[in-house]
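Undergrad: Here you go, this is protein37.cif (mmCIF, C-alpha atoms and all ligand atoms).
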```
data_run
#
loop_
_atom_site.label_atom_id
_atom_site.label_comp_id
_atom_site.auth_asym_id
_atom_site.auth_seq_id
_atom_site.Cartn_x
_atom_site.Cartn_y
_atom_site.Cartn_z
CA MET A 1 -15.05 -22.05 15.74
CA SER A 2 -12.32 -21.34 13.24
CA ALA A 3 -9.58 -18.77 13.67
CA ARG A 4 -9.03 -15.37 12.14
CA LYS A 5 -6.51 -15.82 9.34
CA ILE A 6 -4.50 -12.65 8.91
CA VAL A 7 -1.58 -11.96 6.58
CA VAL A 8 0.93 -9.26 7.51
CA THR A 9 2.44 -7.88 4.32
CA SER A 10 4.00 -4.73 2.86
CA GLY A 11 5.47 -4.94 -0.61
CA LYS A 12 8.73 -3.37 0.49
CA GLY A 13 11.14 -5.28 2.70
CA GLY A 14 12.44 -4.11 6.04
CA VAL A 15 9.43 -2.03 7.05
CA GLY A 16 8.46 -4.18 10.03
CA LYS A 17 6.33 -7.15 8.95
CA THR A 18 8.18 -9.64 11.11
CA THR A 19 8.37 -7.26 14.07
CA THR A 20 4.63 -6.61 13.75
CA THR A 21 3.79 -10.31 13.46
CA ALA A 22 5.88 -11.22 16.51
CA ASN A 23 4.62 -8.42 18.75
CA LEU A 24 1.01 -8.62 17.72
CA GLY A 25 1.09 -12.39 18.14
CA ALA A 26 2.68 -12.06 21.57
CA THR A 27 0.12 -9.42 22.60
CA LEU A 28 -2.84 -11.53 21.49
CA ALA A 29 -1.37 -14.52 23.33
CA LYS A 30 -0.99 -12.43 26.49
CA ARG A 31 -4.66 -11.59 26.12
CA GLY A 32 -5.47 -15.26 26.36
CA LYS A 33 -5.87 -16.04 22.67
CA ARG A 34 -4.51 -19.15 21.02
CA VAL A 35 -2.13 -17.85 18.40
CA ILE A 36 -0.20 -19.59 15.63
CA LEU A 37 2.33 -17.55 13.67
CA ILE A 38 3.43 -18.80 10.27
CA ASP A 39 6.64 -17.61 8.64
CA ALA A 40 5.90 -17.63 4.91
CA ASP A 41 9.27 -16.20 3.95
CA ILE A 42 10.80 -19.36 2.53
CA GLY A 43 14.55 -19.01 2.13
CA LEU A 44 14.73 -15.97 4.39
CA ARG A 45 13.48 -17.35 7.67
CA ASN A 46 13.39 -14.71 10.40
CA LEU A 47 10.36 -14.92 12.64
CA ASP A 48 11.95 -17.66 14.77
CA LEU A 49 15.00 -15.50 15.31
CA VAL A 50 13.04 -12.39 16.26
CA LEU A 51 11.16 -14.46 18.82
CA GLY A 52 14.29 -16.21 20.07
CA LEU A 53 13.06 -19.68 19.07
CA GLU A 54 15.67 -20.49 16.43
CA LYS A 55 17.37 -23.24 18.43
CA ARG A 56 14.19 -25.22 18.79
CA ILE A 57 13.33 -25.75 15.15
CA VAL A 58 12.87 -29.39 14.15
CA PHE A 59 10.63 -29.31 11.10
CA ASP A 60 9.53 -26.48 8.83
CA LEU A 61 6.66 -25.29 6.64
CA VAL A 62 7.83 -27.07 3.50
CA GLU A 63 8.25 -30.37 5.32
CA VAL A 64 4.67 -30.07 6.57
CA ALA A 65 3.51 -29.30 3.02
CA GLU A 66 5.35 -32.34 1.70
CA GLY A 67 3.77 -34.55 4.33
CA ARG A 68 7.06 -35.42 5.95
CA CYS A 69 5.74 -34.48 9.36
CA GLN A 70 2.56 -33.43 11.09
CA LEU A 71 1.78 -29.74 11.54
CA ARG A 72 1.83 -30.13 15.32
CA GLN A 73 5.32 -31.64 15.18
CA ALA A 74 6.60 -28.60 13.32
CA LEU A 75 4.98 -26.00 15.57
CA ILE A 76 7.37 -24.52 18.14
CA LYS A 77 5.61 -23.60 21.32
CA ASP A 78 6.75 -20.33 22.86
CA LYS A 79 7.07 -21.15 26.55
CA ARG A 80 6.77 -17.53 27.66
CA PHE A 81 3.07 -17.65 26.73
CA ASP A 82 0.20 -19.99 27.36
CA ALA A 83 -0.68 -20.45 23.73
CA LEU A 84 1.70 -19.01 21.19
CA SER A 85 3.42 -21.17 18.63
CA VAL A 86 5.38 -20.63 15.48
CA LEU A 87 5.60 -22.57 12.24
CA PRO A 88 9.05 -21.73 10.85
CA ALA A 89 9.75 -21.28 7.16
CA ALA A 90 12.25 -23.51 5.39
CA GLN A 91 15.62 -21.82 5.17
CA THR A 92 17.24 -23.77 2.37
CA ARG A 93 14.41 -24.18 -0.08
CA GLU A 94 13.13 -22.16 -3.01
CA LYS A 95 10.17 -19.84 -2.75
CA ASP A 96 8.11 -22.02 -5.07
CA ALA A 97 8.68 -25.17 -2.99
CA ILE A 98 5.08 -24.81 -1.93
CA THR A 99 1.87 -24.04 -3.81
CA PRO A 100 -0.90 -21.63 -2.74
CA GLU A 101 -3.18 -24.65 -2.27
CA GLN A 102 -0.70 -26.41 0.00
CA PHE A 103 -0.13 -23.25 1.95
CA SER A 104 -3.84 -22.56 2.37
CA ALA A 105 -4.40 -26.12 3.54
CA ILE A 106 -1.76 -25.69 6.25
CA VAL A 107 -3.27 -22.39 7.36
CA ASP A 108 -6.70 -23.98 7.55
CA GLN A 109 -5.35 -26.83 9.60
CA ALA A 110 -3.67 -24.38 11.96
CA ALA A 111 -6.91 -22.43 12.17
CA ASP A 112 -8.67 -25.46 13.63
CA ALA A 113 -6.49 -25.26 16.71
CA ALA A 114 -6.22 -21.48 17.19
CA ASP A 115 -8.05 -18.20 17.57
CA TYR A 116 -5.57 -16.31 15.40
CA VAL A 117 -3.33 -17.52 12.61
CA ILE A 118 -0.98 -14.71 11.61
CA ILE A 119 1.08 -15.11 8.46
CA ASP A 120 4.35 -13.21 8.12
CA SER A 121 4.56 -12.54 4.40
CA PRO A 122 7.78 -12.14 2.45
CA ALA A 123 8.43 -8.82 0.71
CA GLY A 124 7.56 -8.45 -2.95
CA ILE A 125 4.50 -9.44 -4.92
CA GLU A 126 5.66 -12.81 -6.25
CA THR A 127 5.07 -16.44 -5.26
CA GLY A 128 5.72 -16.08 -1.54
CA PHE A 129 3.43 -13.09 -1.25
CA ARG A 130 0.73 -14.81 -3.29
CA ASN A 131 0.91 -17.90 -1.07
CA ALA A 132 0.67 -15.81 2.07
CA VAL A 133 -2.35 -13.89 0.78
CA ALA A 134 -4.05 -17.02 -0.54
CA GLY A 135 -4.01 -18.51 2.94
CA ALA A 136 -5.49 -15.48 4.68
CA ALA A 137 -8.98 -14.09 4.97
CA GLU A 138 -7.85 -10.58 5.88
CA ALA A 139 -4.71 -8.49 5.62
CA ILE A 140 -2.65 -6.06 7.62
CA VAL A 141 -0.48 -3.89 5.41
CA VAL A 142 2.56 -2.42 7.15
CA THR A 143 4.31 0.66 5.86
CA THR A 144 6.73 3.25 7.12
CA PRO A 145 5.93 6.90 6.39
CA GLU A 146 8.29 6.97 3.40
CA VAL A 147 7.48 7.39 -0.27
CA SER A 148 8.94 4.11 -1.51
CA ALA A 149 7.32 2.02 1.23
CA ILE A 150 3.96 3.69 0.66
CA ARG A 151 4.11 3.19 -3.08
CA ASP A 152 4.84 -0.50 -2.59
CA ALA A 153 2.11 -0.73 0.03
CA ASP A 154 -0.31 0.73 -2.48
CA ARG A 155 0.66 -1.99 -4.92
CA VAL A 156 -0.08 -4.81 -2.48
CA VAL A 157 -3.28 -3.09 -1.39
CA GLY A 158 -4.37 -3.21 -5.03
CA LYS A 159 -3.52 -6.91 -5.29
CA ILE A 160 -5.31 -7.85 -2.08
CA ALA A 161 -8.33 -5.68 -2.81
CA ALA A 162 -8.59 -7.41 -6.19
CA VAL A 163 -9.27 -10.71 -4.43
CA GLY A 164 -11.77 -9.02 -2.15
CA LYS A 165 -10.04 -9.43 1.19
CA PRO A 166 -10.38 -6.71 3.83
CA ILE A 167 -7.24 -4.69 4.50
CA ARG A 168 -6.11 -2.53 7.38
CA LEU A 169 -3.03 -0.42 7.76
CA ILE A 170 -0.27 -0.19 10.34
CA VAL A 171 2.05 2.78 10.02
CA ASN A 172 5.34 1.69 11.56
CA ARG A 173 8.42 3.60 12.71
CA LEU A 174 6.68 6.94 12.92
CA ARG A 175 8.79 9.77 14.33
CA PRO A 176 6.36 12.31 15.73
CA GLU A 177 8.99 15.02 16.13
CA MET A 178 9.80 14.78 12.42
CA VAL A 179 6.13 14.91 11.54
CA ARG A 180 5.81 18.02 13.66
CA THR A 181 8.54 19.81 11.78
CA GLY A 182 7.09 18.71 8.46
CA ASP A 183 9.98 16.41 7.64
CA MET A 184 7.98 13.20 7.70
CA LEU A 185 4.60 12.30 6.26
CA SER A 186 1.95 12.24 8.96
CA VAL A 187 -0.31 9.28 9.61
CA GLU A 188 -3.11 11.37 8.16
CA ASP A 189 -1.12 11.89 4.96
CA VAL A 190 -0.37 8.17 4.65
CA CYS A 191 -4.01 7.20 5.17
CA ASP A 192 -5.05 9.87 2.74
CA VAL A 193 -2.79 8.56 0.02
CA LEU A 194 -3.52 4.86 0.57
CA SER A 195 -7.18 5.29 1.51
CA ILE A 196 -7.48 2.19 3.65
CA GLU A 197 -8.63 1.82 7.22
CA LEU A 198 -6.04 2.51 9.90
CA LEU A 199 -5.40 -0.24 12.42
CA GLY A 200 -2.50 1.25 14.32
CA VAL A 201 0.47 3.55 14.53
CA VAL A 202 3.75 2.27 15.96
CA PRO A 203 6.43 4.85 16.73
CA ASP A 204 10.06 4.29 15.95
CA ASP A 205 11.70 2.94 19.06
CA GLU A 206 15.35 2.03 19.54
CA GLU A 207 14.41 -0.64 21.98
CA VAL A 208 12.95 -2.73 19.16
CA ILE A 209 16.46 -3.35 17.92
CA ASP A 210 17.72 -4.11 21.40
CA THR A 211 14.94 -6.57 22.21
CA THR A 212 15.26 -8.20 18.79
CA ASN A 213 18.95 -8.75 19.52
CA ARG A 214 17.91 -10.76 22.54
CA GLY A 215 15.08 -12.59 20.82
CA GLU A 216 12.39 -11.09 23.00
CA PRO A 217 9.40 -9.32 21.52
CA VAL A 218 9.42 -5.73 22.77
CA VAL A 219 5.94 -6.14 24.26
CA LEU A 220 7.43 -8.40 26.92
CA ASN A 221 9.15 -5.36 28.34
CA GLU A 222 6.74 -3.99 30.95
CA SER A 223 8.07 -0.47 30.71
CA ASN A 224 8.21 -0.05 26.94
CA ARG A 225 5.59 2.26 25.43
CA LEU A 226 5.12 -0.06 22.45
CA ARG A 227 3.51 -2.57 24.79
CA ALA A 228 0.45 -0.33 25.17
CA ILE A 229 0.46 0.44 21.48
CA TYR A 230 0.34 -3.20 20.39
CA GLU A 231 -2.28 -3.78 23.05
CA LYS A 232 -4.47 -1.18 21.37
CA ILE A 233 -3.89 -2.73 17.98
CA ALA A 234 -4.88 -6.13 19.36
CA ARG A 235 -8.05 -4.68 20.83
CA ARG A 236 -8.95 -3.02 17.54
CA LEU A 237 -8.40 -6.33 15.79
CA GLU A 238 -10.85 -7.87 18.21
CA GLY A 239 -13.40 -5.30 17.17
CA GLU A 240 -13.11 -2.82 20.01
CA LEU A 241 -13.29 0.89 19.19
CA VAL A 242 -10.03 2.20 20.60
CA PRO A 243 -9.18 5.87 20.04
CA PHE A 244 -5.90 6.65 18.34
CA THR A 245 -3.12 8.43 20.17
CA THR A 246 -2.62 11.70 18.38
CA PHE A 247 0.89 12.02 17.10
CA ASP A 248 0.85 15.74 16.50
CA ASN A 249 0.34 16.77 12.94
CA GLN A 250 2.02 19.92 11.77
CA SER A 251 -0.45 22.20 13.46
CA PHE A 252 -0.08 25.92 13.97
CA PHE A 253 0.81 25.34 17.59
CA GLY A 254 3.22 22.60 16.71
CA ARG A 255 5.00 25.04 14.48
CA LEU A 256 4.83 27.73 17.14
CA ILE A 257 6.55 25.45 19.63
CA ASP A 258 9.18 24.45 17.11
CA ALA A 259 9.75 28.05 16.09
CA LEU A 260 10.17 29.06 19.73
CA LYS A 261 12.53 26.17 20.37
CA ALA A 262 14.61 27.05 17.36
CA GLY A 263 14.69 30.57 18.68
CA MET B 1 12.37 37.88 13.80
CA ILE B 2 11.71 37.30 10.12
CA GLU B 3 13.22 33.86 10.49
CA PHE B 4 10.94 33.29 13.43
CA LEU B 5 7.84 34.30 11.46
CA LYS B 6 8.94 32.19 8.54
CA ARG B 7 9.25 29.15 10.75
CA LEU B 8 5.88 29.89 12.20
CA PHE B 9 3.91 30.34 9.01
CA GLN B 10 5.69 28.33 6.43
CA LYS B 11 4.99 24.67 6.13
CA GLN B 12 8.60 23.68 5.96
CA GLY B 13 10.21 20.32 5.47
CA SER B 14 9.87 17.75 2.77
CA SER B 15 6.66 16.03 3.80
CA ALA B 16 4.45 18.21 1.60
CA THR B 17 6.65 17.42 -1.39
CA ALA B 18 6.56 13.74 -0.50
CA LYS B 19 2.79 13.70 -0.41
CA GLU B 20 2.47 15.54 -3.69
CA ARG B 21 4.90 13.24 -5.45
CA LEU B 22 3.23 10.17 -4.01
CA ARG B 23 -0.20 11.25 -5.10
CA LEU B 24 0.96 11.70 -8.67
CA VAL B 25 3.01 8.53 -8.84
CA LEU B 26 0.15 6.45 -7.43
CA MET B 27 -2.29 7.88 -9.94
CA THR B 28 0.13 7.00 -12.72
CA ASP B 29 0.62 3.50 -11.26
CA HIS B 30 -3.13 2.96 -11.07
CA LEU B 31 -3.61 4.00 -14.68
CA GLU B 32 -0.81 1.76 -15.87
CA LEU B 33 -2.34 -1.13 -13.98
CA ALA B 34 -5.74 -0.60 -15.58
CA PRO B 35 -5.37 -0.64 -19.37
CA GLU B 36 -8.95 -1.92 -19.71
CA MET B 37 -10.19 1.15 -17.91
CA ILE B 38 -8.32 3.40 -20.33
CA ASP B 39 -9.75 1.47 -23.28
CA SER B 40 -13.27 1.80 -22.04
CA MET B 41 -12.69 5.48 -21.28
CA LYS B 42 -11.49 5.92 -24.87
CA ARG B 43 -14.61 4.23 -26.17
CA ASP B 44 -16.86 6.44 -24.07
CA LEU B 45 -15.00 9.57 -25.12
CA VAL B 46 -15.34 8.73 -28.79
CA GLU B 47 -18.98 7.97 -28.37
CA LEU B 48 -19.58 11.30 -26.68
CA ILE B 49 -17.62 13.42 -29.12
CA SER B 50 -19.09 11.60 -32.12
CA ARG B 51 -22.44 13.02 -31.13
CA TYR B 52 -21.12 16.40 -32.22
CA VAL B 53 -18.42 15.86 -34.82
CA GLU B 54 -17.22 12.97 -36.91
CA VAL B 55 -13.92 11.62 -35.58
CA ASP B 56 -11.27 9.25 -36.86
CA ARG B 57 -11.75 6.32 -34.52
CA GLU B 58 -8.65 4.54 -35.77
CA ARG B 59 -6.25 7.28 -34.79
CA ILE B 60 -7.40 8.23 -31.33
CA ASP B 61 -4.54 8.66 -28.95
CA VAL B 62 -4.92 8.97 -25.20
CA THR B 63 -1.90 9.65 -23.01
CA PHE B 64 -1.25 10.81 -19.50
CA GLU B 65 1.24 13.44 -18.63
CA ARG B 66 2.52 14.96 -15.41
CA GLN B 67 2.02 18.68 -15.53
CA ASP B 68 3.39 20.50 -12.54
CA ARG B 69 1.00 19.59 -9.74
CA THR B 70 -1.55 17.64 -11.73
CA LEU B 71 -1.80 14.61 -13.88
CA ALA B 72 -3.33 15.47 -17.22
CA MET B 73 -5.10 13.20 -19.62
CA LEU B 74 -4.28 14.19 -23.16
CA ALA B 75 -6.74 12.87 -25.67
CA ASN B 76 -5.87 13.46 -29.28
CA ILE B 77 -8.94 12.81 -31.36
CA PRO B 78 -8.63 13.67 -35.05
CA ILE B 79 -11.79 15.23 -36.41
CA LEU B 80 -12.88 14.13 -39.88
CA SER B 81 -15.77 16.45 -40.45
CA VAL B 82 -17.93 18.98 -38.73
CA ASN B 83 -21.54 19.44 -39.66
CA ARG B 84 -22.62 22.88 -40.72
CA PRO B 85 -24.34 24.51 -37.79
CA ASN B 86 -28.09 24.80 -38.28
CA GLY B 87 -30.19 27.97 -37.96
CA ASN B 88 -30.09 28.41 -34.18
CA GLY B 89 -26.42 27.61 -33.96
CA ALA B 90 -26.92 24.18 -32.42
CA VAL B 91 -25.02 21.20 -33.70
CA THR B 92 -27.19 18.64 -35.41
CA GLU B 93 -27.21 15.30 -33.74
CA ALA B 94 -26.72 13.22 -36.82
CA PRO B 95 -25.95 9.53 -36.46
CA ASN B 96 -22.24 9.11 -37.13
CA PRO B 97 -21.27 7.16 -40.22
CA ALA B 98 -18.65 4.45 -40.02
CA PRO B 99 -15.20 6.03 -40.10
CA ALA B 100 -14.11 4.04 -43.14
CA ALA B 101 -16.97 5.33 -45.27
CA ALA B 102 -16.52 8.92 -44.15
CA PRO B 103 -14.93 11.61 -46.29
CA ALA B 104 -11.44 11.98 -44.91
CA ALA B 105 -11.58 15.71 -45.35
CA GLU B 106 -9.38 16.79 -42.50
CA SER B 107 -7.41 13.69 -41.72
CA ARG B 108 -3.92 13.12 -42.98
CA PRO B 109 -3.74 11.02 -46.16
CA ALA B 110 -3.84 7.29 -45.67
CA GLY B 111 -0.38 5.81 -45.35
CA ALA B 112 1.18 9.10 -44.27
CA PRO B 113 3.70 8.70 -41.48
CA PRO B 114 2.26 9.35 -38.06
CA VAL B 115 2.78 12.90 -36.95
CA ARG B 116 4.46 13.37 -33.60
CA LYS B 117 2.03 13.74 -30.77
CA ARG B 118 3.04 17.21 -29.69
CA LYS B 119 2.90 18.62 -33.19
CA ARG B 120 -0.48 17.18 -33.77
CA ARG B 121 -1.70 18.65 -30.57
CA LYS B 122 -0.56 22.10 -31.63
CA LYS B 123 -2.75 21.89 -34.69
CA ALA B 124 -5.59 22.17 -32.21
CA ARG B 125 -7.73 19.65 -33.96
CA SER B 126 -7.87 17.57 -30.89
CA VAL B 127 -9.81 17.45 -27.73
CA ARG B 128 -7.79 17.84 -24.58
CA ALA B 129 -9.02 16.95 -21.16
CA ASN B 130 -7.52 17.45 -17.72
CA LEU B 131 -8.18 14.84 -15.09
CA PRO B 132 -8.45 16.27 -11.61
CA SER B 133 -5.39 15.21 -9.71
CA THR B 134 -7.19 14.52 -6.47
CA ALA B 135 -8.41 10.97 -6.21
N1 LIG C 301 8.83 0.36 15.50
C1 LIG C 301 10.14 0.13 15.24
N2 LIG C 301 11.09 0.92 15.79
C2 LIG C 301 12.38 0.69 15.53
N3 LIG C 301 12.86 -0.27 14.74
C3 LIG C 301 11.96 -1.08 14.14
C4 LIG C 301 10.56 -0.92 14.35
N4 LIG C 301 9.94 -1.88 13.62
C5 LIG C 301 10.90 -2.57 12.97
N5 LIG C 301 12.11 -2.12 13.29
C6 LIG C 301 13.42 -2.61 12.79
O1 LIG C 301 13.39 -2.56 11.38
C7 LIG C 301 14.09 -3.64 10.82
C8 LIG C 301 13.18 -4.40 9.85
O2 LIG C 301 12.11 -4.96 10.55
P1 LIG C 301 11.45 -6.35 10.14
O3 LIG C 301 10.32 -6.57 11.06
O4 LIG C 301 12.49 -7.42 10.05
O5 LIG C 301 10.93 -5.96 8.69
P2 LIG C 301 10.36 -6.92 7.53
O6 LIG C 301 9.89 -8.19 8.16
O7 LIG C 301 9.24 -6.11 6.94
O8 LIG C 301 11.46 -7.13 6.56
C9 LIG C 301 14.55 -4.47 11.97
O9 LIG C 301 15.90 -4.17 12.25
C10 LIG C 301 13.66 -4.07 13.12
O10 LIG C 301 14.29 -4.22 14.35
MG MG C 302 10.48 -10.21 7.62
#
```
Spell out the structure here as structure tokens.
Ligand SMILES: Nc1ncnc2c1ncn2[C@@H]1O[C@H](COP(=O)(O)OP(=O)(O)O)[C@@H](O)[C@H]1O
Ligand SMILES: [Mg+2]
TA:
Amino acid sequence: MSARKIVVTSGKGGVGKTTTTANLGATLAKRGKRVILIDADIGLRNLDLVLGLEKRIVFDLVEVAEGRCQLRQALIKDKRFDALSVLPAAQTREKDAITPEQFSAIVDQAADAADYVIIDSPAGIETGFRNAVAGAAEAIVVTTPEVSAIRDADRVVGKIAAVGKPIRLIVNRLRPEMVRTGDMLSVEDVCDVLSIELLGVVPDDEEVIDTTNRGEPVVLNESNRLRAIYEKIARRLEGELVPFTTFDNQSFFGRLIDALKAG
Amino acid sequence: MIEFLKRLFQKQGSSATAKERLRLVLMTDHLELAPEMIDSMKRDLVELISRYVEVDRERIDVTFERQDRTLAMLANIPILSVNRPNGNGAVTEAPNPAPAAAPAAESRPAGAPPVRKRKRRKKARSVRANLPSTA
């Protein structure tokens, strides 16, 4: 049976595509799935670094595309998991060093040996994005609850919908306390504006930066709350109906509490 | 106390503004990304209005404009002629002649410089439609 081929994309940079790819991949691998992560951000390689695998790179995506090595030679196995590996992007090549056909062929080859192939897309809507989407059968769009990120997300949603691929949304870096005071768009607002299905909500958590510094996906930390959150996302991906944690909207009572607090 | 009540009942913060602005900007983005849709909307509009009055198909102008909390579609459709109402006040549903062959009674003379959009709209010889701003 062939793997699910999922692209993680956003339009805007810095909203959490790589973080999402790494943690979702790690979570699925912990759940016993065979996972291959592909960094499609040619020239701005990052996934290896976030996962702490940067020292082990031998070959990269472009070298596989050019036939200079086998896919399995380029895959870096993450030893912390039974079956998680990463295909790094090329760092010193141009974005158009690879065609959508070449990229899709590599994804398909990876899919033969995995349950999930997750593609970390570059920002933007140009070549790199098009390659990443061409290789996938479904998409996860990541956004933060900010106007510019949402506008860009809407743009990529339009592009992906135009090629008929299913899309689900992850709202990243939510700050519930700001939502409660009406200073940040709520998940409901974001879904309303983008009108796509919600896959998950990841709160903003300082520990993400700390764990990224060390090259450890945050889900490896037993005590971090994001561990359970990515777990839920993984289960939804697998088709389970998992209820969403309610991150308080600006309800009457929310305002009452805030008003009381503020005195 | 007043401050307290204000905090309690007012939806404060910038999120409401953010949502409103986003809704409008996305609608505008979607329209800009779908010129074919606007063209076909124009065609349908003309077809509909031509059932009642004769319009100048060459000079139809459709634009979109942000107006406070809504996005408005402004369709400027010059009317060439209006049939005399019949006995019961209904408009006759005459087949519309080709615009070229029509008497250019109320249109500006051929070759005249285009009138600015706003001015033309004030002349009230145009049809104006508001799109609902909720998608
Ligand atoms: N849920 C989160 N909480 C806190 N920081 C986050 C979260 N998700 C991502 N970040 C931080 O945001 C920055 C951008 O994330 P990254 O995954 O590299 O974005 P992208 O791949 O979309 O450019 C990084 O510094 C990362 O540590
Ligand atoms: Mg990235």
Undergrad: Could you write out as JSON the box around ligand LIG 301 (chain C) (axis-aligned, all atoms listed in the file, 8 Å on each side), with centre and edge lengths in Å to one decimal?
TA:
```
{"center_x": 12.4, "center_y": -3.6, "center_z": 11.2, "size_x": 23.1, "size_y": 25.1, "size_z": 25.2}
```
Undergrad: Within 7 Å of ligand LIG 301 (chain C), counting all atoms listed in the file: which residues, as a list in words?
TA: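 Counting only what the definition allows, namely all atoms listed in the file, the set is Ser10, Gly13, Gly14, Val15, Gly16, Lys17, Thr18, Thr19, Thr20, Ala123, Asn172, Arg173, Val202, Pro203, Asp204, Asp205, Glu206, Glu207, Val208, Ile209 and Thr212 of chain A.
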Undergrad: Could you check which of A:Gly215, A:Ala228, A:Val156, A:Glu238 is closest to chain B, using all atoms listed in the file?
TA: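 Counting all atoms listed in the file, the residue closest to chain B is A:Val156.
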Undergrad: Could you list, as a ChimeraX atom specification, every residue within 10 Å of Leu220 in chain A, counting only C-alpha atoms and ignoring same-chain residues fewer than 2 positions away?
TA: /A:23,26-27,30,80,211,216-218,222-224,226-227
Undergrad: Please compute the CA of Val62 in chain A-CA of Val163 in chain A distance, one decimal, in Å.
TA: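 Interatomic distance, CA of Val62 in chain A to CA of Val163 in chain A: 25.0 Å.
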Undergrad: Find, counting all atoms listed in the file, the residue in A:Ile76, A:Ala149, A:Ile119, A:Ala105 that gets nearest to ligand MG 302 (chain C).
TA: A:Ile119
Undergrad: Name the closest residue to ligand MG 302 (chain C) among the candidates A:Ser121, A:Ser2, A:Gln109, A:Gln70; distances are taken between atoms, counting only C-alpha atoms and all ligand atoms.
TA: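 Looking only at the distances to ligand MG 302 (chain C), the closest residue turns out to be A:Ser121.
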Undergrad: Dump as a PyMOL selection string all residues having an atom at most 12 Å from (6.8, 11.8, 15.1), computed in the file's coordinates with only C-alpha atoms.
TA: chain A and resi 144-145+171-187+201-205+245-250+254
Undergrad: Give me, please, the distance in Å between CA of Glu94 in chain A and CA of Thr127 in chain A, quoted to one decimal.
TA: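 Separation of CA of Glu94 in chain A and CA of Thr127 in chain A: 10.1 Å.
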